[in-house]
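Take a look at the structure set out below.
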Amino acid sequence: MTYAAFMIPQDFIQSLLGRVDIVDVVDRHVKLKKAGANYSACCPFHTEKTPSFTVSPSKQFYHCFGCGAHGNAIGFLMEYQGLAYPEAIRALAETVGMPVPETRSGPPRPGAAEAPALNARMMEALGYYRAQLKKSRAAIDYLKGRGVSGEIAARYGLGYAPEGWQNLEAVFPDYATASLKDTGLVIDSEPEGERKSRRYDRFRHRVMFPILDARGNVIGFGGRVIGEGEPKYMNSPETPLFEKGRELYGLYQARRAIRDANQVIVVEGYMDVVALAQHGVENAVATLGTATTPIHVGKLLRMADNVVFCFDGDAAGRKAAWRALEVSLPVLADGKVVSFLFLPAEDDPDTYVRRLGKKAFLEAVGQAKPLSQFLFAELATQVDMATAEGRASFVAHAKPLIAQIEAPALGAMLRKRLAELARLSPEEIEALVPAAPRAPERRPAAVPSRPVRKGPPRAESRVLALVLHRVELAAQVPEDVLVGNGPEAAAARAVVAHLHQNPGLTLGQVSAYFEGTEYQDAIANALGDPLLNQADSPDFDLEAELRGVVERIRTETLDRRRTELMGLVQAGTATPEQHAEFDRLLSRLSAAKSGNPAAEERSNF
């Protein structure tokens, strides 16, 4: 199911950031401690022993002086939970009870306005299924037979849908209403002859696995039949709440373990996830009865640098792995690793970890084949690499795959390896398989890195850093002073103008306003200015620093204009007006150097 593109109005985002407190948002996930006017903790985005992660209630912004990660409350949820931008806004809005308005670039999303009511119905169904599990000897025996403890069953919210066709009628008094069908919990049979359509429960005599979104809401269910029966596994259909190509089973429960390990293991079944968690491997998730999608891979790569796909070693497992490889190629980035683990034919992750234990499973994960090895090994099996014709076919098959890789370093290494295997020179491969054009940087990155500066920062960049660090200082920056060229000057002009028109904003709101604009890179660099390491010190006078930088920009601007006018005067081409301007300019520069503000004021032009 593909819905139209949605846009959340900027004024709503600004209002939302004005309502939430980033300290509360971060503290739900990372335990903060008061540190003067701010709060601190060990950074959740890199390993450290001494806290360098700071959250500012006045700025509504977080910043890590260790790895450079920074952002507002929306950005934190994106980085910490691996959410896309709209998903993070919706999650944040839900915490303060603000309905999210959306403008659509296509047809309306079915049932979007009904989502809260549907979520409530799904929670009622979950409560029913969990209560039924406690009453079902067959379901309890099944889970015990699979080695699942009560603790793990509770953690994943496992339940039981009893036998019978209309058990949910006792849960939902309006069982016959059309809206209940939008949950996917019930089915309407097709009318046949004089027989009318009949409604019945979708799930019957099955162990139930609730599927949660990033906020912990139940959006669907998976059901595993007890005993014999087909299909063995059944999923909720796609609904206004549930889109299989976007969701992963167990991701909500695995978030912290994924962060800690910087790795996520992707398996195929619900029981694989549950069994691995039972044995202490808590960073596993599963696709939901559908092939891996680029959205799945992108979501996981935002959460961890290492993604391991774990499949059965049979033909079906290798086919699923190849599909995962294909959809991973366009979203790969340098520094990210996608690998593939194939278990013995007689095993799946559930049986393997129960038979051999956590240590053996993790050792197998450590031996997973990197994407590059799997790609070339699979292609090589399809041709005769001993012949020129076979190697030519090998290159032809590899070309469209490698061409999708936008990560520059990885793409270069794969082309080099392709040249070696095809017995061609690197130059010949470059001609046959050119590098993919680099796409615009997708922001925000999984963990923003500290920007690397070459030489001293430009004056406009320093103004930008000072204003972002203390937004009220924008009132002291005349807009006409920021006349330089380059991205720093353009960003400084835009930020200062915005703050002149909207005084009282926080840094969190400013950063959200410019998210996705042409200024975001310059703003990100300014936020990484080393100035921020000392700006909160009582010995550092931000206002004096800003006045000095503004004056430096004025002087440099006047010097450039003086040089330009001097050239005209010396060439004899200056107009009388330009001669007069040149004289006034010389007087002003002389006054500025002498430190006589009265003389400077008299010579102003």
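Each chain of the structure tokens is named A, B, ... in the order shown, its residues numbered from 1; ligands are numbered from 1 in display order.
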
Can you tell me which residues surround Leu180 in chain A at a distance of at most 12 Å, considering only C-alpha atoms, apart from same-chain residues fewer than 2 positions away, and format the answer as a ChimeraX atom specification?
/A:111,114-115,117-122,125,168-169,171-178,182-188,199-202,239-240

Proximity check range 18-137 of chain A to range 214-236 of chain A, 8 Å, nearest pairs one decimal Å, only C-alpha atoms, as a tab-separated table:
```
residue	atom	partner	partner_atom	distance
A:Gln81	CA	A:Ala214	CA	7.0
A:Leu83	CA	A:Ala214	CA	7.4
A:Ala91	CA	A:Arg215	CA	6.2
A:Asn119	CA	A:Val218	CA	6.5
A:Met122	CA	A:Val218	CA	5.9
A:Met123	CA	A:Val218	CA	6.3
A:Leu126	CA	A:Val218	CA	7.8
```

Written selection (N, CA and C atoms) as a PDB file, in the first residue's frame:
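Ended up saving to selection_23.pdb:
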```
ATOM      1  N   GLN A  81      15.542   6.651  17.817  1.00  0.00           N
ATOM      2  CA  GLN A  81      14.594   5.597  17.478  1.00  0.00           C
ATOM      3  C   GLN A  81      14.622   5.201  16.009  1.00  0.00           C
ATOM      4  N   LEU A  83      13.620   6.990  13.457  1.00  0.00           N
ATOM      5  CA  LEU A  83      12.383   7.412  12.802  1.00  0.00           C
ATOM      6  C   LEU A  83      12.667   8.346  11.632  1.00  0.00           C
ATOM      7  N   ALA A  91       5.259  11.192  16.585  1.00  0.00           N
ATOM      8  CA  ALA A  91       5.528  10.599  17.899  1.00  0.00           C
ATOM      9  C   ALA A  91       5.606  11.676  18.969  1.00  0.00           C
ATOM     10  N   ASN A 119      -6.199   2.778  16.827  1.00  0.00           N
ATOM     11  CA  ASN A 119      -5.192   2.371  17.804  1.00  0.00           C
ATOM     12  C   ASN A 119      -5.845   1.881  19.091  1.00  0.00           C
ATOM     13  N   MET A 122      -7.152  -1.582  18.600  1.00  0.00           N
ATOM     14  CA  MET A 122      -6.072  -2.583  18.576  1.00  0.00           C
ATOM     15  C   MET A 122      -5.579  -2.882  19.987  1.00  0.00           C
ATOM     16  N   MET A 123      -5.537  -1.880  20.842  1.00  0.00           N
ATOM     17  CA  MET A 123      -5.132  -2.115  22.229  1.00  0.00           C
ATOM     18  C   MET A 123      -6.168  -2.957  22.969  1.00  0.00           C
ATOM     19  N   LEU A 126      -5.548  -6.451  21.878  1.00  0.00           N
ATOM     20  CA  LEU A 126      -4.358  -6.994  22.533  1.00  0.00           C
ATOM     21  C   LEU A 126      -4.692  -7.442  23.956  1.00  0.00           C
TER      22      LEU A 126
END
```

Counting only C-alpha atoms, which of A:Val331, A:Ile405, A:Ala321, A:Leu464 gets nearest to Glu378 in chain A?
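Counting only C-alpha atoms, the residue closest to Glu378 in chain A is A:Ala321.
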
Which of these, A:Ser40, A:Lys181, A:Asp350, A:Ala491, has the shortest distance to Gly269 in chain A once you count only C-alpha atoms?
A:Asp350

Just the number, please: distance in Å from CA of Tyr160 in chain A to CA of Gln132 in chain A, one decimal.
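Between these atoms lies a distance of 5.6 Å.
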
Quote the spacing between CA of Leu499 in chain A and CA of Ala474 in chain A in Å to one decimal place.
6.4 Å

Could you tell me which of A:Gln578, A:Ser149, A:Ser393, A:Gln60 comes closest to Gln278 in chain A if we count only C-alpha atoms?
A:Ser149

Counting only C-alpha atoms, the residue of A:Ala254, A:Ala465, A:Ala291, A:Val281 that sits nearest Glu268 in chain A:
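Ranked by minimum distance to Glu268 in chain A, first place goes to A:Ala291.
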
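The gap separating CA of Ala324 in chain A from CA of Met271 in chain A is 20.3 Å, in Å to one decimal.
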
For Phe45 in chain A: contacts at 8 Å, only C-alpha atoms, fewer than 6 positions along chain excluded, given as a PDB file with N, CA and C atoms, in the first residue's frame:
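Writing done, so here's out_31.pdb:
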```pdb
ATOM      1  N   CYS A  67      31.142  13.516  19.996  1.00  0.00           N
ATOM      2  CA  CYS A  67      30.972  13.066  18.608  1.00  0.00           C
ATOM      3  C   CYS A  67      30.357  14.131  17.710  1.00  0.00           C
ATOM      4  N   ALA A  69      27.206  15.121  17.693  1.00  0.00           N
ATOM      5  CA  ALA A  69      25.768  14.960  17.470  1.00  0.00           C
ATOM      6  C   ALA A  69      25.013  16.128  18.100  1.00  0.00           C
ATOM      7  N   TYR A  80      17.618   8.556  17.795  1.00  0.00           N
ATOM      8  CA  TYR A  80      17.580   7.527  18.838  1.00  0.00           C
ATOM      9  C   TYR A  80      16.678   6.355  18.456  1.00  0.00           C
ATOM     10  N   ARG A 259      21.119  -0.098  19.694  1.00  0.00           N
ATOM     11  CA  ARG A 259      22.016   1.027  19.963  1.00  0.00           C
ATOM     12  C   ARG A 259      23.279   0.549  20.667  1.00  0.00           C
ATOM     13  N   VAL A 447      24.573   9.365  12.893  1.00  0.00           N
ATOM     14  CA  VAL A 447      25.164  10.055  14.033  1.00  0.00           C
ATOM     15  C   VAL A 447      25.986  11.195  13.460  1.00  0.00           C
TER      16      VAL A 447
END
```

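Excluding range 262-265 of chain A itself and any same-chain residue fewer than 2 positions from it, the protein and nucleic acid residues within 8 Å of it, counting only C-alpha atoms, are Ile258, Arg259, Asp260, Val267, Asn283, Ala284, Val285, Leu300, Met303, Ala304, Asp305, Asn306, Val307, Val308, Phe309 and Cys310 of chain A.
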
For Gly71 in chain A, list every protein, DNA or RNA residue within 6 Å, evaluated using only C-alpha atoms, and leave out those in the same chain fewer than 4 positions away; present the list as a compact mmCIF listing (two decimals) with N, CA and C atoms, in the first residue's frame.
```
# COMPACT_ATOMS: atom_id res chain seq x y z
N PHE A 61 17.73 22.20 22.87
CA PHE A 61 18.69 21.65 21.93
C PHE A 61 19.63 20.72 22.69
N TYR A 62 20.08 19.65 22.01
CA TYR A 62 21.11 18.80 22.62
C TYR A 62 22.38 18.89 21.78
N GLY A 75 14.86 15.88 16.11
CA GLY A 75 16.09 15.22 15.68
C GLY A 75 16.52 14.12 16.62
```

What lies within 10 Å of Ala84 in chain A using only C-alpha atoms, ignoring chain neighbours under 3 positions off, as a PyMOL selection string?
chain A and resi 74-75+77-79+81+87-89+295+298-299+302+444

Give the helix (DSSP H, G or I) residues of range 327-433 of chain A, as DSSP finds them on the backbone, and put them as a PyMOL selection string.
chain A and resi 327-331+349-366+371-380+388-402+408-422+426-432

Write the residues of the preceding selection, restricted to C-alpha atoms, as an mmCIF file, in the first residue's frame.
```cif
data_model
loop_
_atom_site.group_PDB
_atom_site.id
_atom_site.type_symbol
_atom_site.label_atom_id
_atom_site.label_comp_id
_atom_site.auth_asym_id
_atom_site.auth_seq_id
_atom_site.Cartn_x
_atom_site.Cartn_y
_atom_site.Cartn_z
ATOM 1 C CA VAL A 327 17.298 -3.094 -2.069
ATOM 2 C CA SER A 328 20.281 -2.266 0.163
ATOM 3 C CA LEU A 329 22.529 -1.020 -2.641
ATOM 4 C CA PRO A 330 20.955 2.442 -3.171
ATOM 5 C CA VAL A 331 20.833 3.268 0.551
ATOM 6 C CA PRO A 349 17.592 -18.836 14.080
ATOM 7 C CA ASP A 350 15.056 -20.259 16.543
ATOM 8 C CA THR A 351 16.312 -23.861 16.349
ATOM 9 C CA TYR A 352 19.965 -22.828 16.007
ATOM 10 C CA VAL A 353 20.078 -20.712 19.159
ATOM 11 C CA ARG A 354 18.068 -23.273 21.149
ATOM 12 C CA ARG A 355 20.368 -26.076 19.996
ATOM 13 C CA LEU A 356 23.749 -24.352 20.293
ATOM 14 C CA GLY A 357 23.158 -21.291 22.480
ATOM 15 C CA LYS A 358 23.898 -17.571 22.342
ATOM 16 C CA LYS A 359 27.678 -17.827 22.055
ATOM 17 C CA ALA A 360 27.557 -20.074 19.005
ATOM 18 C CA PHE A 361 24.944 -17.910 17.332
ATOM 19 C CA LEU A 362 26.946 -14.713 17.874
ATOM 20 C CA GLU A 363 30.071 -16.435 16.561
ATOM 21 C CA ALA A 364 28.118 -17.321 13.425
ATOM 22 C CA VAL A 365 26.952 -13.700 13.135
ATOM 23 C CA GLY A 366 30.590 -12.621 13.367
ATOM 24 C CA LEU A 371 27.639 -7.580 0.994
ATOM 25 C CA SER A 372 30.564 -7.269 -1.427
ATOM 26 C CA GLN A 373 31.591 -10.912 -0.943
ATOM 27 C CA PHE A 374 28.043 -12.193 -1.260
ATOM 28 C CA LEU A 375 27.413 -10.104 -4.376
ATOM 29 C CA PHE A 376 30.464 -11.316 -6.303
ATOM 30 C CA ALA A 377 30.188 -14.913 -5.085
ATOM 31 C CA GLU A 378 26.584 -15.185 -6.257
ATOM 32 C CA LEU A 379 27.295 -13.624 -9.644
ATOM 33 C CA ALA A 380 30.318 -15.884 -10.154
ATOM 34 C CA ALA A 388 36.590 -14.427 -21.386
ATOM 35 C CA GLU A 389 32.923 -14.747 -22.338
ATOM 36 C CA GLY A 390 32.004 -15.793 -18.809
ATOM 37 C CA ARG A 391 33.896 -12.891 -17.265
ATOM 38 C CA ALA A 392 32.288 -10.485 -19.718
ATOM 39 C CA SER A 393 28.888 -11.777 -18.621
ATOM 40 C CA PHE A 394 30.025 -11.419 -15.003
ATOM 41 C CA VAL A 395 30.805 -7.716 -15.593
ATOM 42 C CA ALA A 396 27.499 -7.216 -17.416
ATOM 43 C CA HIS A 397 25.545 -8.661 -14.476
ATOM 44 C CA ALA A 398 27.530 -6.663 -11.915
ATOM 45 C CA LYS A 399 27.299 -3.319 -13.712
ATOM 46 C CA PRO A 400 23.653 -2.367 -12.957
ATOM 47 C CA LEU A 401 24.089 -3.421 -9.330
ATOM 48 C CA ILE A 402 27.289 -1.507 -8.610
ATOM 49 C CA PRO A 408 31.882 6.828 -3.007
ATOM 50 C CA ALA A 409 34.494 4.774 -1.136
ATOM 51 C CA LEU A 410 32.529 1.520 -1.187
ATOM 52 C CA GLY A 411 31.653 1.979 -4.854
ATOM 53 C CA ALA A 412 35.317 2.536 -5.722
ATOM 54 C CA MET A 413 36.389 -0.578 -3.816
ATOM 55 C CA LEU A 414 33.752 -2.745 -5.474
ATOM 56 C CA ARG A 415 34.808 -1.532 -8.921
ATOM 57 C CA LYS A 416 38.428 -2.317 -8.038
ATOM 58 C CA ARG A 417 37.469 -5.832 -6.901
ATOM 59 C CA LEU A 418 35.363 -6.299 -10.026
ATOM 60 C CA ALA A 419 38.404 -5.412 -12.138
ATOM 61 C CA GLU A 420 40.506 -8.034 -10.342
ATOM 62 C CA LEU A 421 37.917 -10.782 -10.769
ATOM 63 C CA ALA A 422 37.270 -9.890 -14.434
ATOM 64 C CA PRO A 426 40.921 -0.394 -13.054
ATOM 65 C CA GLU A 427 40.779 2.085 -15.930
ATOM 66 C CA GLU A 428 38.893 -0.386 -18.114
ATOM 67 C CA ILE A 429 36.367 -1.051 -15.354
ATOM 68 C CA GLU A 430 35.948 2.685 -14.714
ATOM 69 C CA ALA A 431 35.023 3.076 -18.373
ATOM 70 C CA LEU A 432 32.624 0.117 -18.304
#
```

I'd like to know which residues of range 109-189 of chain A are strand (DSSP E) (by DSSP, run on the backbone); could you write them as a list in words?
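Restricting range 109-189 of chain A to strand (DSSP E) produces Gly159, Tyr160, Ala161, Val186, Ile187 and Asp188 of chain A.
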
Of the candidates A:Leu288, A:Leu585, A:Ala407, A:Leu17, which one gets nearest to Thr557 in chain A if we count only C-alpha atoms?
A:Leu585

Using only C-alpha atoms, which protein or nucleic acid residues come within 8 Å of range 21-31 of chain A? Drop anything in the same chain fewer than 6 positions from it, and give the result as number ranges by chain.
A: 39, 41, 44, 55-57, 60-61, 72-73, 76

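The closest residue to Asp347 in chain A, picked from A:Val383, A:Trp165, A:Ala571, A:Phe311 and counting only C-alpha atoms, is A:Phe311.
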